[in-house]
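Novice: If it helps, the file is called structure.cif and holds mmCIF, C-alpha atoms:
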```
data_run
#
loop_
_atom_site.label_atom_id
_atom_site.label_comp_id
_atom_site.auth_asym_id
_atom_site.auth_seq_id
_atom_site.Cartn_x
_atom_site.Cartn_y
_atom_site.Cartn_z
CA MET A 1065 -28.28 -9.17 17.69
CA ALA A 1066 -25.67 -8.92 14.99
CA THR A 1067 -26.83 -8.28 11.47
CA ARG A 1068 -25.29 -8.52 8.06
CA ILE A 1069 -26.70 -6.57 5.16
CA SER A 1070 -25.81 -7.72 1.70
CA ASP A 1071 -27.99 -7.05 -1.33
CA GLY A 1072 -30.95 -6.48 0.93
CA HIS A 1073 -30.56 -9.71 2.93
CA LYS A 1074 -29.93 -9.66 6.68
CA MET A 1075 -27.89 -12.39 8.31
CA ALA A 1076 -26.23 -12.96 11.66
CA THR A 1077 -22.54 -12.32 11.84
CA GLU A 1078 -19.78 -11.94 14.42
CA LEU A 1079 -17.48 -9.21 15.46
CA VAL A 1080 -13.73 -9.17 15.20
CA HIS A 1081 -13.33 -5.50 15.95
CA GLU A 1082 -11.17 -4.19 18.76
CA CYS A 1083 -13.94 -2.42 20.68
CA THR A 1084 -16.28 -4.12 23.13
CA ALA A 1085 -19.38 -3.89 20.95
CA THR A 1086 -20.84 -7.22 19.96
CA SER A 1087 -22.25 -6.56 16.53
CA ARG A 1088 -21.37 -5.20 13.17
CA GLN A 1089 -23.19 -4.59 9.94
CA GLU A 1090 -21.82 -6.01 6.75
CA PHE A 1091 -22.14 -4.32 3.38
CA VAL A 1092 -20.95 -5.14 -0.10
CA ALA A 1093 -19.60 -2.14 -2.02
CA THR A 1094 -21.36 -1.69 -5.33
CA GLN A 1095 -20.84 0.53 -8.37
CA GLU A 1096 -23.62 2.77 -7.07
CA LYS A 1097 -22.32 2.75 -3.52
CA PRO A 1098 -18.59 2.04 -3.64
CA TYR A 1099 -16.29 1.88 -0.62
CA HIS A 1100 -14.26 5.08 -0.23
CA PHE A 1101 -10.77 3.67 0.28
CA LEU A 1102 -9.32 6.55 2.29
CA GLU A 1103 -6.92 4.09 3.93
CA SER A 1104 -4.93 4.26 0.69
CA GLY A 1105 -3.91 7.80 1.62
CA LEU A 1106 -5.52 9.11 -1.58
CA PRO A 1107 -8.81 10.98 -1.58
CA ASN A 1108 -10.18 9.60 -4.84
CA ILE A 1109 -9.94 5.82 -4.61
CA TYR A 1110 -13.13 3.79 -4.43
CA LEU A 1111 -13.53 0.01 -4.30
CA VAL A 1112 -16.33 -2.06 -5.73
CA GLY A 1113 -17.14 -5.67 -4.85
CA VAL A 1114 -15.44 -5.69 -1.45
CA ARG A 1115 -17.13 -6.41 1.87
CA TYR A 1116 -16.97 -3.74 4.50
CA PHE A 1117 -18.27 -3.61 8.02
CA VAL A 1118 -19.60 -0.91 10.26
CA CYS A 1119 -19.24 -1.60 13.96
CA GLU A 1120 -21.77 -0.48 16.56
CA CYS A 1121 -19.18 2.06 17.69
CA GLY A 1122 -19.14 3.61 14.20
CA GLU A 1123 -15.75 2.29 13.10
CA LYS A 1124 -15.49 1.00 9.56
CA TYR A 1125 -13.26 -1.77 8.36
CA VAL A 1126 -12.87 -3.31 4.97
CA GLU A 1127 -11.84 -6.67 3.59
CA VAL A 1128 -9.21 -6.16 0.92
CA PRO A 1129 -8.07 -9.29 -0.85
CA ALA A 1130 -4.63 -9.18 -2.52
CA ILE A 1131 -3.92 -5.72 -1.11
CA LYS A 1132 -0.44 -5.43 -2.59
CA GLN A 1133 -1.77 -6.09 -6.06
CA LEU A 1134 -4.41 -3.42 -5.48
CA LEU A 1135 -1.85 -0.88 -4.26
CA ASP A 1136 0.40 -1.65 -7.26
CA LEU A 1137 -2.56 -1.12 -9.58
CA ILE A 1138 -3.33 2.26 -8.00
CA ALA A 1139 0.33 3.24 -8.36
CA ARG A 1140 0.38 2.20 -12.02
CA HIS A 1141 -2.79 4.17 -12.71
CA THR A 1142 -1.26 7.19 -10.95
CA VAL A 1143 1.95 7.04 -12.99
CA MET A 1144 0.03 6.69 -16.26
CA LYS A 1145 -2.47 9.50 -15.67
CA ASP A 1146 -2.40 12.61 -17.85
CA GLU A 1147 -2.80 15.18 -15.08
CA ALA A 1148 0.07 16.41 -12.93
CA LEU A 1149 0.89 14.35 -9.83
CA THR A 1150 -0.52 15.66 -6.56
CA GLY A 1151 1.33 15.66 -3.23
CA PRO A 1152 -0.59 12.68 -1.79
CA GLU A 1153 0.01 10.76 -5.02
CA ILE A 1154 3.76 11.38 -4.82
CA LYS A 1155 3.67 10.24 -1.18
CA PHE A 1156 1.72 7.15 -2.21
CA LEU A 1157 4.29 6.26 -4.90
CA ARG A 1158 7.16 6.79 -2.45
CA LYS A 1159 5.54 4.61 0.18
CA ARG A 1160 4.70 1.96 -2.41
CA LEU A 1161 8.41 1.75 -3.11
CA GLY A 1162 8.97 1.45 0.64
CA GLN A 1163 11.36 4.41 0.65
CA LYS A 1164 11.90 6.86 3.46
CA ALA A 1165 11.29 10.49 2.55
CA ALA A 1166 14.99 11.43 2.71
CA ASP A 1167 16.03 8.56 0.42
CA PHE A 1168 13.28 9.24 -2.08
CA ALA A 1169 14.02 12.97 -2.10
CA SER A 1170 17.65 12.26 -2.87
CA SER A 1171 16.69 9.85 -5.66
CA VAL A 1172 14.39 12.33 -7.38
CA LYS A 1173 16.79 15.25 -6.85
CA LEU A 1174 14.66 17.16 -4.36
CA GLN A 1175 15.62 18.60 -1.00
CA PRO A 1176 13.91 16.64 1.80
CA GLU A 1177 12.17 19.85 2.96
CA THR A 1178 10.86 20.43 -0.54
CA LEU A 1179 9.53 16.89 -0.77
CA SER A 1180 7.82 17.35 2.59
CA ARG A 1181 6.13 20.54 1.38
CA VAL A 1182 5.13 18.80 -1.87
CA GLU A 1183 3.67 15.77 -0.09
CA ASN A 1184 1.73 18.09 2.23
CA GLU A 1185 0.39 20.06 -0.72
CA LYS A 1186 2.11 23.27 0.28
CA GLN A 1187 4.11 23.29 -2.93
CA SER A 1188 3.74 21.63 -6.31
CA VAL A 1189 6.47 20.10 -8.45
CA GLY A 1190 7.47 21.27 -11.90
CA GLN A 1191 6.77 19.25 -15.00
CA LYS A 1192 10.31 17.85 -15.20
CA THR A 1193 10.26 16.60 -11.60
CA ASP A 1194 6.79 15.18 -12.19
CA PHE A 1195 8.10 13.18 -15.17
CA TYR A 1196 11.20 12.18 -13.28
CA ILE A 1197 9.17 10.80 -10.37
CA ARG A 1198 7.06 8.74 -12.77
CA ILE A 1199 10.12 7.34 -14.54
CA TYR A 1200 11.87 6.70 -11.24
CA TYR A 1201 8.83 4.82 -9.94
CA ALA A 1202 8.57 2.74 -13.15
CA PHE A 1203 12.21 1.67 -12.95
CA SER A 1204 12.27 1.12 -9.19
CA SER A 1205 9.02 -0.81 -9.02
CA LYS A 1206 9.96 -2.89 -12.08
CA ASP A 1207 6.25 -2.96 -12.93
CA PRO A 1208 6.27 -4.69 -16.36
CA ALA A 1209 3.31 -2.63 -17.62
CA LEU A 1210 5.00 0.64 -16.71
CA LEU A 1211 8.35 -0.43 -18.15
CA ASP A 1212 6.60 -1.41 -21.36
CA ALA A 1213 4.81 1.96 -21.54
CA LEU A 1214 8.12 3.69 -20.90
CA LYS A 1215 9.82 1.73 -23.67
CA GLN A 1216 7.04 2.65 -26.09
CA ALA A 1217 7.30 6.32 -25.17
CA LEU A 1218 11.07 6.20 -25.59
CA ASP A 1219 10.76 4.42 -28.95
CA LYS A 1220 8.35 7.09 -30.10
CA ALA A 1221 10.61 9.91 -28.96
CA LEU A 1222 13.70 8.35 -30.53
CA SER A 1223 11.95 7.54 -33.79
CA MET A 1224 11.20 11.22 -34.21
CA ARG A 1225 14.94 11.93 -34.01
CA ARG A 1226 15.88 9.21 -36.48
CA ALA A 1227 15.96 11.32 -39.57
CA LYS A 1228 17.94 10.12 -42.57
CA ALA A 1229 21.31 8.68 -41.61
CA PRO A 1230 24.09 10.98 -42.82
CA LYS A 1231 26.38 9.59 -45.55
CA LYS A 1232 29.39 10.20 -43.34
CA PRO A 1233 28.85 9.57 -39.59
CA PRO A 1234 29.83 12.58 -37.52
CA LYS A 1235 32.93 12.40 -35.36
CA THR A 1236 32.42 11.31 -31.80
CA VAL A 1237 35.25 12.50 -29.57
CA ALA A 1238 35.85 11.10 -26.10
CA LYS A 1239 38.31 12.71 -23.74
CA MET A 1240 39.62 11.88 -20.28
CA GLU A 1241 38.29 14.45 -17.82
CA HIS A 1242 38.58 14.29 -14.06
CA ASP A 1243 39.76 10.69 -14.19
CA GLU A 1244 36.93 9.45 -16.34
CA TRP A 1245 35.93 9.39 -19.97
CA ALA A 1246 33.57 12.08 -21.17
CA LEU A 1247 32.30 13.09 -24.55
CA ALA A 1248 34.05 16.25 -25.69
CA ALA A 1249 32.04 19.40 -26.33
CA GLY A 1250 30.56 19.34 -29.79
CA ALA A 1251 30.81 15.55 -29.96
CA GLY A 1252 28.79 14.17 -32.77
CA ALA A 1253 28.51 17.53 -34.46
CA MET B 551 -18.63 -16.23 16.74
CA VAL B 552 -19.70 -15.52 20.28
CA GLN B 553 -18.52 -18.26 22.62
CA GLU B 554 -17.61 -18.07 26.26
CA HIS B 555 -16.73 -21.64 27.22
CA GLY B 556 -14.44 -24.32 25.86
CA VAL B 557 -10.77 -25.08 25.57
CA ILE B 558 -8.86 -21.97 24.68
CA PRO B 559 -6.65 -22.69 21.68
CA LYS B 560 -2.92 -22.02 21.86
CA PRO B 561 -1.85 -18.63 20.55
CA LEU B 562 0.21 -18.47 17.39
CA THR B 563 3.93 -17.88 17.64
CA GLU B 564 5.44 -14.81 15.96
CA GLN B 565 6.58 -16.98 13.05
CA GLU B 566 3.16 -18.60 12.63
CA LEU B 567 1.37 -15.25 12.71
CA LYS B 568 3.82 -13.72 10.27
CA LYS B 569 3.32 -16.62 7.83
CA LEU B 570 -0.47 -16.29 8.06
CA VAL B 571 -0.44 -12.52 7.50
CA VAL B 572 2.25 -12.40 4.82
CA GLU B 573 0.54 -15.13 2.78
CA ALA B 574 -2.69 -13.12 2.79
CA ILE B 575 -1.16 -9.81 1.76
CA ASN B 576 1.07 -11.38 -0.86
CA ALA B 577 -1.71 -13.17 -2.68
CA THR B 578 -1.69 -11.80 -6.20
CA THR B 579 -5.08 -12.90 -7.47
CA PHE B 580 -8.53 -13.21 -5.99
CA ALA B 581 -8.34 -17.01 -6.44
CA GLU B 582 -5.15 -17.09 -4.40
CA THR B 583 -6.79 -15.13 -1.61
CA LEU B 584 -9.38 -17.89 -1.23
CA GLU B 585 -6.57 -20.17 -0.06
CA THR B 586 -5.35 -17.69 2.55
CA TYR B 587 -6.92 -15.91 5.50
CA HIS B 588 -9.16 -12.95 4.58
CA ALA B 589 -7.48 -9.69 5.49
CA LEU B 590 -9.64 -6.96 7.02
CA TYR B 591 -8.26 -3.50 7.59
CA GLY B 592 -9.70 -1.40 10.34
CA HIS B 593 -9.01 1.96 11.84
CA MET B 594 -5.67 3.54 11.10
CA GLU B 595 -4.74 6.57 13.13
CA ARG B 596 -4.27 9.84 11.27
CA GLY B 597 -1.20 9.77 9.05
CA ILE B 598 -1.00 5.97 8.80
CA GLU B 599 -1.81 4.54 5.39
CA SER B 600 -2.31 1.10 3.85
CA ASN B 601 1.25 1.16 2.50
CA ASP B 602 2.52 1.62 6.07
CA VAL B 603 0.45 -1.28 7.38
CA VAL B 604 1.60 -3.60 4.58
CA HIS B 605 5.19 -2.45 5.09
CA GLY B 606 4.86 -2.98 8.85
CA LEU B 607 3.39 -6.46 8.55
CA GLU B 608 5.98 -7.58 6.02
CA GLY B 609 8.97 -6.07 7.75
CA GLU B 610 10.82 -7.05 10.89
CA TRP B 611 8.51 -7.05 13.89
CA GLU B 612 8.02 -8.65 17.24
CA PHE B 613 5.21 -8.92 19.74
CA GLU B 614 4.87 -5.71 21.69
CA ARG B 615 3.28 -7.65 24.55
CA PRO B 616 1.91 -11.17 25.03
CA PRO B 617 -1.19 -12.06 22.99
CA GLU B 618 -4.55 -11.59 24.71
CA PHE B 619 -7.45 -13.97 24.40
CA ASN B 620 -10.85 -12.36 23.94
CA LYS B 621 -13.43 -14.80 25.29
CA ALA B 622 -16.39 -12.81 23.98
CA HIS B 623 -15.12 -13.09 20.42
CA TRP B 624 -13.14 -16.29 21.00
CA GLN B 625 -10.13 -14.84 19.31
CA TRP B 626 -6.50 -14.20 20.04
CA LYS B 627 -5.36 -10.61 19.69
CA TYR B 628 -1.74 -9.99 18.86
CA TYR B 629 0.02 -6.69 19.43
CA ILE B 630 2.77 -6.17 16.89
CA ALA B 631 5.51 -3.58 17.29
CA ALA B 632 6.21 -2.56 13.71
CA LYS B 633 7.41 0.47 11.75
CA THR B 634 5.97 2.64 9.01
CA VAL B 635 7.76 3.23 5.71
CA ASP B 636 9.33 6.28 7.38
CA GLU B 637 10.46 4.06 10.27
CA GLU B 638 8.11 5.55 12.81
CA PRO B 639 6.90 3.09 15.45
CA ILE B 640 3.37 1.77 15.13
CA THR B 641 1.36 -0.90 16.88
CA ILE B 642 -0.65 -3.20 14.64
CA ILE B 643 -3.30 -5.11 16.52
CA VAL B 644 -4.17 -8.31 14.70
CA ALA B 645 -7.30 -10.18 15.77
CA VAL B 646 -7.30 -13.64 14.26
CA ASP B 647 -10.55 -15.50 13.73
CA SER B 648 -9.47 -19.02 12.82
CA TRP B 649 -13.05 -20.22 12.48
CA ARG B 650 -13.85 -17.68 9.76
CA ARG B 651 -10.26 -17.71 8.49
CA GLU B 652 -9.99 -13.96 8.71
CA PHE B 653 -7.91 -11.43 10.55
CA LEU B 654 -8.52 -7.78 11.29
CA THR B 655 -5.80 -5.21 11.70
CA VAL B 656 -6.17 -1.98 13.64
CA THR B 657 -3.17 0.33 13.55
CA ARG B 658 -2.07 3.14 15.79
CA TRP B 659 1.03 5.16 16.59
CA ARG B 660 3.15 3.53 19.26
CA GLN B 661 3.96 5.59 22.32
CA ASN B 662 7.28 4.54 23.80
#
```
Rewrite the structure from the file as structure tokens, please.
Specialist:
Amino acid sequence: MATRISDGHKMATELVHECTATSRQEFVATQEKPYHFLESGLPNIYLVGVRYFVCECGEKYVEVPAIKQLLDLIARHTVMKDEALTGPEIKFLRKRLGQKAADFASSVKLQPETLSRVENEKQSVGQKTDFYIRIYYAFSSKDPALLDALKQALDKALSMRRAKAPKKPPKTVAKMEHDEWALAAGAGA
Amino acid sequence: MVQEHGVIPKPLTEQELKKLVVEAINATTFAETLETYHALYGHMERGIESNDVVHGLEGEWEFERPPEFNKAHWQWKYYIAAKTVDEEPITIIVAVDSWRREFLTVTRWRQN
């Protein structure tokens, strides 16, 4: 007999699992007993309010509505967090962008072998690379909330540099170098 | 639903299955998901993550083998040959329950 358990009530339900068992138990994840969303690839993600099922054979499966919106939310939270990015988090961001390891490594100026070690937690990234990955994700994902946060951070950083405007603007010298324009050394000084 | 007799419905074509699955994973709000099939995610073999499954379902795929009808569960099971984000071959098994308007995916590495 199949049973469904939700808030203490038991009800009959069916099985859609791949194994040959004919019953499953249904649960609703609560704040007290959330669903550990290991399928995300991150060890610290828990879901509340979703239904999940435990098959007779012990397999678990979870109903995730609007999964892409959920994965985007996790990515946004990861980019905005104060602590350094972990290897699995970097892997999560890369996969959220749908980029192969070699392409992502090239985009964030890492050797593919280094990225592999980072993602597998055998090496950590420096602060600059950490920032660069966050900025790269924000631009590539085009997440409006992240772009807005980035703009605010940039505004704040630039406003600190906007001291009094000099009476006479400094010279800016551009020079042709290697077939393209470049600012000459000491430009703006 | 446990049913063992009756007229077996036609299986979905690749295009029909893709539409059903992509609509469900692309819903952006809970309200939108009520209009689509409910997406259930089952066992993923070690190293496969949700991002890979979503990527696989949304990307180019074809049936790995003809769909199988499970009389005990009265459902069609579709075997999809897809790829992870890193372009490694995976098989996504999609069991569609049209009565409950839900589908379950189980994902494993594909052995060629």
Novice: Please identify every residue of chain A that has at least one atom no more than 6 Å from any atom of chain B, counting only C-alpha atoms, and report them as a list of chain:residue names.
Specialist: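 Using only C-alpha atoms, chain A residues at most 6 Å from chain B: A:Glu1078, A:Glu1103, A:Ser1104, A:Gly1105, A:Tyr1125, A:Val1126, A:Glu1127, A:Ala1130, A:Ile1131, A:Gln1133, A:Lys1159, A:Gly1162, A:Lys1164.
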Novice: What is the distance between atom CA of A:Cys1121 and atom CA of A:Phe1091, in Å to one decimal?
Specialist: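 Going from atom CA of A:Cys1121 over to atom CA of A:Phe1091 covers 15.9 Å.
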Novice: How far is it from atom CA of B:Pro559 to atom CA of B:Lys621, in Å with one decimal?
Specialist: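 Separation between atom CA of B:Pro559 and atom CA of B:Lys621: 11.0 Å.
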Novice: Starting from the PyMOL selection byres ((chain A and resi 1183) around 12), expand the selection into actual residues of this file and give them as a PyMOL selection string.
Specialist: (chain A and resi 1105-1106+1149-1159+1165+1168-1169+1174+1176-1182+1184-1189) or (chain B and resi 597)
Novice: For this file, the PyMOL selection byres ((chain A and resi 1093) around 6) selects which residues, as a list in words?
Specialist: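 That selection, the PyMOL selection byres ((chain A and resi 1093) around 6), comes back as Val1092, Thr1094, Lys1097, Pro1098, Tyr1099, Val1112, Gly1113 and Val1114 of chain A.
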Novice: What does the distance between atom CA of A:Phe1101 and atom CA of B:Glu608 come to in Å, to one decimal place?
Specialist: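 One can read the atom CA of A:Phe1101 to atom CA of B:Glu608 distance as 21.0 Å.
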Novice: Taking 4 positions as the minimum chain separation for residues in the same chain, which residues sit within 7 Å of B:Thr641 when counting only C-alpha atoms? Answer as number ranges by chain.
Specialist: B: 629-632, 657-660
Novice: Applying 9 Å and all atoms listed in the file, which residues near stretch 1193-1200 of chain A remain after dropping the ones on its own chain fewer than 4 positions away? List them as a list in words.
Specialist: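 Near stretch 1193-1200 of chain A, the qualifying residues are Thr1142, Val1143, Met1144, Ala1148, Leu1149, Ile1154, Leu1157, Ser1171, Val1172, Lys1173, Leu1174, Val1189, Ser1204, Ser1205, Leu1210, Leu1211 and Leu1214 of chain A.
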Novice: Please produce a file of the residues just selected, as a CSV table (one decimal), keeping the file's coordinate frame, where the atoms kept are C-alpha atoms.
Specialist:
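Okay, out-v2.csv is ready:
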```csv
chain,number,residue,atom,x,y,z
A,1142,THR,CA,-1.3,7.2,-11.0
A,1143,VAL,CA,2.0,7.0,-13.0
A,1144,MET,CA,0.0,6.7,-16.3
A,1148,ALA,CA,0.1,16.4,-12.9
A,1149,LEU,CA,0.9,14.4,-9.8
A,1154,ILE,CA,3.8,11.4,-4.8
A,1157,LEU,CA,4.3,6.3,-4.9
A,1171,SER,CA,16.7,9.8,-5.7
A,1172,VAL,CA,14.4,12.3,-7.4
A,1173,LYS,CA,16.8,15.2,-6.8
A,1174,LEU,CA,14.7,17.2,-4.4
A,1189,VAL,CA,6.5,20.1,-8.4
A,1204,SER,CA,12.3,1.1,-9.2
A,1205,SER,CA,9.0,-0.8,-9.0
A,1210,LEU,CA,5.0,0.6,-16.7
A,1211,LEU,CA,8.4,-0.4,-18.2
A,1214,LEU,CA,8.1,3.7,-20.9
```
Novice: Once the PyMOL selection byres ((chain B and resi 613) around 8) has been applied to the shown file, what residues remain in the selection, as a list in words?
Specialist: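 That expression, the PyMOL selection byres ((chain B and resi 613) around 8), corresponds here to Glu564, Trp611, Glu612, Glu614, Arg615, Pro616, Pro617, Tyr628, Tyr629, Ile630 and Ala631 of chain B.
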